[in-house]
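Asks: Supplied in structure tokens, the structure appears directly below.
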Amino acid sequence: MSLRRLEAVGIATNLLMYANVVTHMLVHFEPNKLIYFVLMAVVFSTSAVTVRATLGCVALSIVSLLFFARGAPTAEFEQFAFIGLATSFASLGMGTLLRMAILRQIDARLLADRLAASDSLTGIANRRAVFATMARLESAGSPFWIGILDLDGFKAVNDIYGHAIGDVLLADVVKRIVPFATPAVHFGRIGGDEFAILVEGGPDPAPVRALGDAIIARIREPFAHGMLRLAVGGTIGFAHCPPGRVAAVDAYEQADFALYSGKQRARGTTMVFTGEEETRMRESILLERGLREADLERELYLLFQPQVGSDSGMVVGFEALARWNSPTLGAIPPDRFIRAAERAGLTKAVTRVLFAKGLAALADWPEPIRMSFNLSAQDLADRPFLLSLADEVNNHGIAPDRVEFEITETAVMKDIAAASALLHELAARGFRIALDDFGSGYSSFEYIDQLPLTKVKVDKSFVRKITVSRTSREIVAGVIGLCRNLGLDCVLEGIETEDELEILRPLSPQLLQGYLFGRPMAAAEAQGRAAIQPFRAGPLVH
């Protein structure tokens with residue numbers, strides 16, 4: 001209700017009360033009942049909505065008192081005049097104090113609402129306010145886009161420089177994105193280093209994609225803090241919410257999935273949720289649900305693929321390959337269920353179960369044989385968890401140098417400083433570190449320089465093209481020579497045919513892996529395979 005309308009209702013109510021008293025006085029006038037006008041003045045002072053209404057109603061009551069008292073003797077009239085004057089001051093005083101108290105309570109409530117709806121660190125809308133705005137737009141039937149911005153490299157700043165610097169960086173990021181706000185563009189902080197972007201508008205993705213790219217470009221510029229120059233990036237996922245067709249909470253989940261896809265495939269870009277993404281999201285949801293309901297101990301298992309020394313033909317180790325056989329979904333490829341585990345927050349549970357099975361198998365193998373175990377990006381981001389895996393090796397009485405942790409470029413590039421520090425700690429304990437899929441990224445040589453590697457695995461895409469591509473042969477030869485000069489083991493994986501093997505002979509590779517030397521096998525078969533030495537495929541070097 002508007003203030004003017006509320007004021008009119010209050011005045012009308014007071015006038016009804018006033019009319020009742022005046023009518024009674026006109027019909028049954030008694031001098032002692034003039035006190036009614038005094039009481040009305042007090043009531044009017046506390047019930048009127050505005051100051052002008054208070055003044056008008058109190059004045060009307062006092063004037064009426066004097067009007068009806070005019071026929072009384074002079075002494076009584078003066079007495080009523082004094083009472084009217086005193087009542088006027090008292091009523092106005094009471095009304096003023098009451099109104100001040102009410103306004104203070106209103107201001108306090110408004111302040112509390114503002115604080116409850118704003119982020120204490122950055123001052124922009126918080127998660128609660130973001131979802132309230134989404135609900136308001138949805139109720140109003142207004143189409144809008146929901147975007148989720150996640151900072152790339154922020155965790156490294158927090159870990160290296162501390163949370164105080166991290167908080168300053170978050171505030172600086174907000175200062176850069178707030179200028180993009182308009183009456184149709186709203187920003188909020190969801191939590192941590194994640195921000196929400198609400199953009200009112202139709203289904204055309206071009207404007208939000210341009211907005212997202214502009215925001216990312218602005219964030220990518222270095223931040224100066226004293227003597228420090230900090231650099232972070234950003235990835236944004238957008239999804240459209242057409243009223244009546246997609247619920248706001250579902251659009252938020254779609255934006256989150258688009259963000260996750262961007263993190264995996266195109267970090268530092270703006271990703272828009274599409275029909276193709278919806279199919280992948282539904283499959284991912286099914287996998288996540290299956291993992292949450294799965295008996296991981298019973299359904300997860302490992303297969304082992306041998307790695308063979310090229311000069312001796314002997315098996316030197318096995319790579320542990322994760323497998324999941326769901327009673328409801330069937331056999332799920334590892335790349336799919338590992339991504340689902342990451343989204344569901346089950347990576348540690350999956351890794352712990354698989355690592356325990358790997359150690360149990362390794363304990364039964366001959367002493368020189370090693371096991372290579374793949375770590376995900378989330379594993380690398382959790383130092384206490386990864387060190388607990390190292391402790392498990394000691395608890396099993398297994399020498400650390402028989403365990404090789406395999407990492408990918410994708411895993412370390414998310415936070416190379418933190419990953420490097422953790423891997424150096426593992427290497428100091430005696431564990432071996434292998435870089436998998438070498439050559440599949442754009443900065444592999446940087447990782448060779450920064451990480452405590454003992455082995456490099458050449459990406460299988462080069463090996464598969466080695467029979468038809470001179471470039472691939474030269475790349476493989478170059479990597480083999482580089483590893484030999486640096487004292488690193490070099491594994492060529494994905495060798496499937498004798499033709500590939502014949503071409504590789506002159507390159508003198510150190511280790512070989514592929515279907516030609518053994519398909520992935522169960523632990524018991526791997527144990528038997530390790531006992532049959534050497535592998536009888538003929539000499540691989542001159």
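How things are named: the first chain in the structure tokens is A, the next is B, and so on; residues count from 1 in each chain; ligands count from 1 in the order shown.
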Neighbouring residues of Leu296 of chain A were defined as those with any atom within 8 Å, considering only C-alpha atoms; residues of the same chain fewer than 4 positions away were excluded. Please report them as a PDB file with N, CA and C atoms, in the first residue's frame.
Replies:
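That gives us out.pdb:
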```pdb
ATOM      1  N   LEU A 291      26.721 -43.510  -9.300  1.00  0.00           N
ATOM      2  CA  LEU A 291      27.892 -43.549  -8.421  1.00  0.00           C
ATOM      3  C   LEU A 291      27.508 -43.353  -6.966  1.00  0.00           C
ATOM      4  N   LEU A 300      33.700 -51.221  -8.401  1.00  0.00           N
ATOM      5  CA  LEU A 300      34.926 -50.680  -8.994  1.00  0.00           C
ATOM      6  C   LEU A 300      36.028 -51.744  -8.974  1.00  0.00           C
ATOM      7  N   VAL A 350      36.330 -42.670  -4.897  1.00  0.00           N
ATOM      8  CA  VAL A 350      36.698 -43.567  -5.990  1.00  0.00           C
ATOM      9  C   VAL A 350      38.197 -43.851  -5.974  1.00  0.00           C
ATOM     10  N   VAL A 353      39.269 -46.242  -3.063  1.00  0.00           N
ATOM     11  CA  VAL A 353      38.917 -47.650  -3.296  1.00  0.00           C
ATOM     12  C   VAL A 353      39.851 -48.269  -4.327  1.00  0.00           C
TER      13      VAL A 353
END
```
Asks: Skipping near chain neighbours, those fewer than 3 positions away, what residues fall within 12 Å of Thr182 of chain A using only C-alpha atoms, listed as an mmCIF file with C-alpha atoms, in the first residue's frame?
Replies:
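The result, written out as result38.cif:
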```cif
data_model
loop_
_atom_site.group_PDB
_atom_site.id
_atom_site.type_symbol
_atom_site.label_atom_id
_atom_site.label_comp_id
_atom_site.auth_asym_id
_atom_site.auth_seq_id
_atom_site.Cartn_x
_atom_site.Cartn_y
_atom_site.Cartn_z
ATOM 1 C CA ILE A 177 33.060 -6.498 -13.056
ATOM 2 C CA VAL A 178 30.652 -4.084 -11.351
ATOM 3 C CA PRO A 179 31.014 -1.465 -14.153
ATOM 4 C CA VAL A 185 22.591 -7.047 -15.668
ATOM 5 C CA HIS A 186 23.018 -8.089 -12.031
ATOM 6 C CA PHE A 187 26.057 -9.502 -10.231
ATOM 7 C CA ILE A 197 25.670 -12.995 -13.525
ATOM 8 C CA LEU A 198 21.961 -12.449 -14.195
ATOM 9 C CA VAL A 199 21.171 -10.947 -17.591
ATOM 10 C CA GLU A 200 17.580 -10.122 -18.477
ATOM 11 C CA LEU A 211 29.448 -9.826 -22.145
#
```
Asks: Between A:Leu512, A:Leu98, A:Ala322, A:Leu501, which is the closest to Val51 of chain A once you count only C-alpha atoms?
Replies: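 Under the stated criterion, the closest residue is A:Leu98.
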Asks: Enumerate as a VMD selection string all residues of segment 278-366 of chain A assigned to alpha helix (DSSP H) by DSSP on the backbone, naming them with the chain letters and numbers the document uses.
Replies: chain A and resid 278 to 293 296 to 299 334 to 344 347 to 364
Asks: Just the strand (DSSP E) stuff from segment 119-366 of chain A, please, per backbone DSSP, written as a PyMOL selection string.
Replies: chain A and resi 144-152+185-191+194-200+223-225+228-230+233-241+270-272+300-309+315-326+330-332
Asks: Got a sec: who's within 9 Å of segment 255-263 of chain A, counting only C-alpha atoms, leaving out chain neighbours fewer than 6 positions off, as number ranges by chain?
Replies: A: 145-150, 152, 235-240, 269-274, 277-278, 281, 343
Asks: So which residues touch Ile466 of chain A within 10 Å, counting only C-alpha atoms, skipping near sequence neighbours fewer than 5 positions away, as a VMD selection string?
Replies: chain A and resid 460 to 461 471 to 476 499 to 501 503 to 504
Asks: Kindly indicate which residue among A:Pro452, A:Gly430, A:Pro205, A:Gly317 lies nearest to Ile407 of chain A, using only C-alpha atoms for the distances.
Replies: A:Pro452
Asks: Could you name the residues that touch Asp401 of chain A at 8 Å or less, counting only C-alpha atoms, but leaving out those on the same chain fewer than 4 positions away, as an MDAnalysis selection string?
Replies: chainID A and resid 370 430:432
Asks: Give me, as number ranges by chain, all polymer residues having an atom no more than 12 Å from Phe517 of chain A, counting only C-alpha atoms and skipping those fewer than 6 positions away in the same chain.
Replies: A: 304-310, 313-315, 318, 492-498, 501, 511, 529, 534-538
Asks: Suppose we keep N, CA, C and O atoms; can you now write the selection as an mmCIF file, in the first residue's frame?
Replies:
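Printed below is selection-v9.cif as written:
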```cif
data_model
loop_
_atom_site.group_PDB
_atom_site.id
_atom_site.type_symbol
_atom_site.label_atom_id
_atom_site.label_comp_id
_atom_site.auth_asym_id
_atom_site.auth_seq_id
_atom_site.Cartn_x
_atom_site.Cartn_y
_atom_site.Cartn_z
ATOM 1 N N PHE A 304 45.130 -54.153 -15.476
ATOM 2 C CA PHE A 304 46.538 -53.760 -15.503
ATOM 3 C C PHE A 304 47.118 -54.040 -16.879
ATOM 4 O O PHE A 304 46.989 -55.145 -17.408
ATOM 5 N N GLN A 305 47.778 -53.012 -17.475
ATOM 6 C CA GLN A 305 48.413 -53.175 -18.776
ATOM 7 C C GLN A 305 49.929 -53.107 -18.606
ATOM 8 O O GLN A 305 50.450 -52.166 -17.993
ATOM 9 N N PRO A 306 50.641 -54.093 -19.150
ATOM 10 C CA PRO A 306 52.094 -54.153 -18.914
ATOM 11 C C PRO A 306 52.857 -53.076 -19.663
ATOM 12 O O PRO A 306 52.489 -52.649 -20.748
ATOM 13 N N GLN A 307 53.970 -52.657 -19.062
ATOM 14 C CA GLN A 307 54.956 -51.792 -19.690
ATOM 15 C C GLN A 307 56.255 -52.598 -19.796
ATOM 16 O O GLN A 307 56.746 -53.137 -18.795
ATOM 17 N N VAL A 308 56.789 -52.701 -21.007
ATOM 18 C CA VAL A 308 57.888 -53.626 -21.315
ATOM 19 C C VAL A 308 59.159 -52.838 -21.626
ATOM 20 O O VAL A 308 59.118 -51.836 -22.346
ATOM 21 N N GLY A 309 60.285 -53.297 -21.069
ATOM 22 C CA GLY A 309 61.572 -52.706 -21.398
ATOM 23 C C GLY A 309 61.967 -53.080 -22.812
ATOM 24 O O GLY A 309 61.933 -54.249 -23.196
ATOM 25 N N SER A 310 62.326 -52.097 -23.612
ATOM 26 C CA SER A 310 62.589 -52.363 -25.026
ATOM 27 C C SER A 310 63.878 -53.147 -25.236
ATOM 28 O O SER A 310 63.993 -53.904 -26.199
ATOM 29 N N GLY A 313 63.038 -56.772 -23.032
ATOM 30 C CA GLY A 313 61.785 -57.471 -23.276
ATOM 31 C C GLY A 313 61.079 -57.886 -22.012
ATOM 32 O O GLY A 313 60.092 -58.633 -22.053
ATOM 33 N N MET A 314 61.516 -57.409 -20.870
ATOM 34 C CA MET A 314 60.925 -57.791 -19.583
ATOM 35 C C MET A 314 59.879 -56.781 -19.143
ATOM 36 O O MET A 314 60.011 -55.575 -19.401
ATOM 37 N N VAL A 315 58.853 -57.286 -18.487
ATOM 38 C CA VAL A 315 57.831 -56.415 -17.908
ATOM 39 C C VAL A 315 58.432 -55.703 -16.702
ATOM 40 O O VAL A 315 58.922 -56.353 -15.771
ATOM 41 N N PHE A 318 53.154 -52.229 -14.439
ATOM 42 C CA PHE A 318 51.820 -52.247 -15.009
ATOM 43 C C PHE A 318 51.138 -50.902 -14.722
ATOM 44 O O PHE A 318 51.303 -50.334 -13.637
ATOM 45 N N LEU A 492 56.438 -45.278 -24.767
ATOM 46 C CA LEU A 492 55.615 -45.114 -25.959
ATOM 47 C C LEU A 492 54.393 -45.988 -25.774
ATOM 48 O O LEU A 492 54.503 -47.217 -25.710
ATOM 49 N N GLU A 493 53.232 -45.369 -25.643
ATOM 50 C CA GLU A 493 52.016 -46.144 -25.401
ATOM 51 C C GLU A 493 51.163 -46.197 -26.665
ATOM 52 O O GLU A 493 51.299 -45.378 -27.569
ATOM 53 N N GLY A 494 50.296 -47.203 -26.701
ATOM 54 C CA GLY A 494 49.387 -47.333 -27.827
ATOM 55 C C GLY A 494 49.957 -48.118 -28.992
ATOM 56 O O GLY A 494 49.453 -48.012 -30.114
ATOM 57 N N ILE A 495 51.018 -48.905 -28.767
ATOM 58 C CA ILE A 495 51.604 -49.711 -29.843
ATOM 59 C C ILE A 495 50.734 -50.950 -30.057
ATOM 60 O O ILE A 495 50.557 -51.759 -29.138
ATOM 61 N N GLU A 496 50.198 -51.091 -31.264
ATOM 62 C CA GLU A 496 49.247 -52.162 -31.518
ATOM 63 C C GLU A 496 49.672 -53.115 -32.632
ATOM 64 O O GLU A 496 49.163 -54.237 -32.711
ATOM 65 N N THR A 497 50.584 -52.706 -33.520
ATOM 66 C CA THR A 497 50.916 -53.536 -34.680
ATOM 67 C C THR A 497 52.417 -53.731 -34.799
ATOM 68 O O THR A 497 53.230 -52.947 -34.286
ATOM 69 N N GLU A 498 52.784 -54.793 -35.513
ATOM 70 C CA GLU A 498 54.193 -55.068 -35.788
ATOM 71 C C GLU A 498 54.807 -53.977 -36.662
ATOM 72 O O GLU A 498 55.998 -53.663 -36.539
ATOM 73 N N LEU A 501 55.931 -51.280 -34.507
ATOM 74 C CA LEU A 501 57.118 -51.717 -33.779
ATOM 75 C C LEU A 501 58.371 -51.659 -34.654
ATOM 76 O O LEU A 501 59.446 -51.228 -34.197
ATOM 77 N N LEU A 511 60.804 -47.741 -22.954
ATOM 78 C CA LEU A 511 59.695 -48.578 -22.501
ATOM 79 C C LEU A 511 58.570 -48.548 -23.531
ATOM 80 O O LEU A 511 58.359 -47.522 -24.210
ATOM 81 N N ARG A 529 51.706 -62.932 -15.595
ATOM 82 C CA ARG A 529 52.411 -62.318 -16.722
ATOM 83 C C ARG A 529 53.783 -61.821 -16.286
ATOM 84 O O ARG A 529 54.773 -61.944 -17.008
ATOM 85 N N PRO A 534 61.682 -63.270 -20.160
ATOM 86 C CA PRO A 534 61.225 -61.984 -20.709
ATOM 87 C C PRO A 534 60.045 -62.153 -21.646
ATOM 88 O O PRO A 534 59.682 -63.256 -21.990
ATOM 89 N N PHE A 535 59.482 -61.011 -22.069
ATOM 90 C CA PHE A 535 58.430 -61.045 -23.084
ATOM 91 C C PHE A 535 59.057 -61.465 -24.420
ATOM 92 O O PHE A 535 60.023 -60.877 -24.872
ATOM 93 N N ARG A 536 58.482 -62.465 -25.031
ATOM 94 C CA ARG A 536 59.114 -63.040 -26.219
ATOM 95 C C ARG A 536 58.537 -62.420 -27.491
ATOM 96 O O ARG A 536 57.620 -62.936 -28.089
ATOM 97 N N ALA A 537 59.110 -61.282 -27.840
ATOM 98 C CA ALA A 537 58.712 -60.625 -29.085
ATOM 99 C C ALA A 537 59.921 -60.315 -29.942
ATOM 100 O O ALA A 537 59.833 -59.587 -30.903
ATOM 101 N N GLY A 538 61.060 -60.846 -29.546
ATOM 102 C CA GLY A 538 62.274 -60.564 -30.307
ATOM 103 C C GLY A 538 62.915 -59.282 -29.836
ATOM 104 O O GLY A 538 62.283 -58.450 -29.191
#
```
Asks: Quick one: everything within 12 Å of Ala419 of chain A, counting only C-alpha atoms, minus sequence neighbours fewer than 6 positions away in the same chain. Send it as a PDB file with C-alpha atoms, in the first residue's frame.
Replies:
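And here is the file that came out, result18.pdb:
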```pdb
ATOM      1  CA  GLY A 153      44.228 -19.690 -10.598  1.00  0.00           C
ATOM      2  CA  LYS A 155      43.489 -21.090  -5.272  1.00  0.00           C
ATOM      3  CA  ALA A 156      47.186 -20.666  -6.044  1.00  0.00           C
ATOM      4  CA  ASP A 159      47.838 -20.926  -1.024  1.00  0.00           C
ATOM      5  CA  LEU A 375      45.686 -39.103 -10.286  1.00  0.00           C
ATOM      6  CA  SER A 376      42.939 -36.637 -11.177  1.00  0.00           C
ATOM      7  CA  ALA A 377      43.071 -32.855 -10.866  1.00  0.00           C
ATOM      8  CA  GLN A 378      40.945 -33.022  -7.714  1.00  0.00           C
ATOM      9  CA  ASP A 379      43.334 -35.538  -6.169  1.00  0.00           C
ATOM     10  CA  LEU A 380      46.223 -33.158  -6.826  1.00  0.00           C
ATOM     11  CA  ALA A 381      44.297 -30.281  -5.278  1.00  0.00           C
ATOM     12  CA  ASP A 382      43.928 -32.099  -1.924  1.00  0.00           C
ATOM     13  CA  ARG A 383      47.298 -32.394  -0.181  1.00  0.00           C
ATOM     14  CA  LEU A 386      47.194 -37.464  -1.395  1.00  0.00           C
ATOM     15  CA  ILE A 407      49.481 -37.029 -13.836  1.00  0.00           C
ATOM     16  CA  THR A 408      48.248 -35.243 -16.938  1.00  0.00           C
ATOM     17  CA  GLU A 409      48.941 -31.749 -18.215  1.00  0.00           C
ATOM     18  CA  THR A 410      45.275 -30.915 -17.669  1.00  0.00           C
ATOM     19  CA  ALA A 411      45.534 -31.860 -14.000  1.00  0.00           C
ATOM     20  CA  VAL A 412      48.626 -29.771 -13.216  1.00  0.00           C
ATOM     21  CA  MET A 413      47.792 -26.724 -15.353  1.00  0.00           C
ATOM     22  CA  GLU A 425      56.983 -33.709  -1.524  1.00  0.00           C
ATOM     23  CA  LEU A 426      55.935 -37.116  -2.880  1.00  0.00           C
ATOM     24  CA  ILE A 433      56.137 -39.277 -10.879  1.00  0.00           C
ATOM     25  CA  TYR A 447      56.092 -29.110 -16.883  1.00  0.00           C
ATOM     26  CA  GLN A 450      59.087 -27.601 -13.113  1.00  0.00           C
ATOM     27  CA  LEU A 451      57.941 -31.062 -12.000  1.00  0.00           C
ATOM     28  CA  PRO A 452      60.028 -33.823 -10.338  1.00  0.00           C
TER      29      PRO A 452
END
```
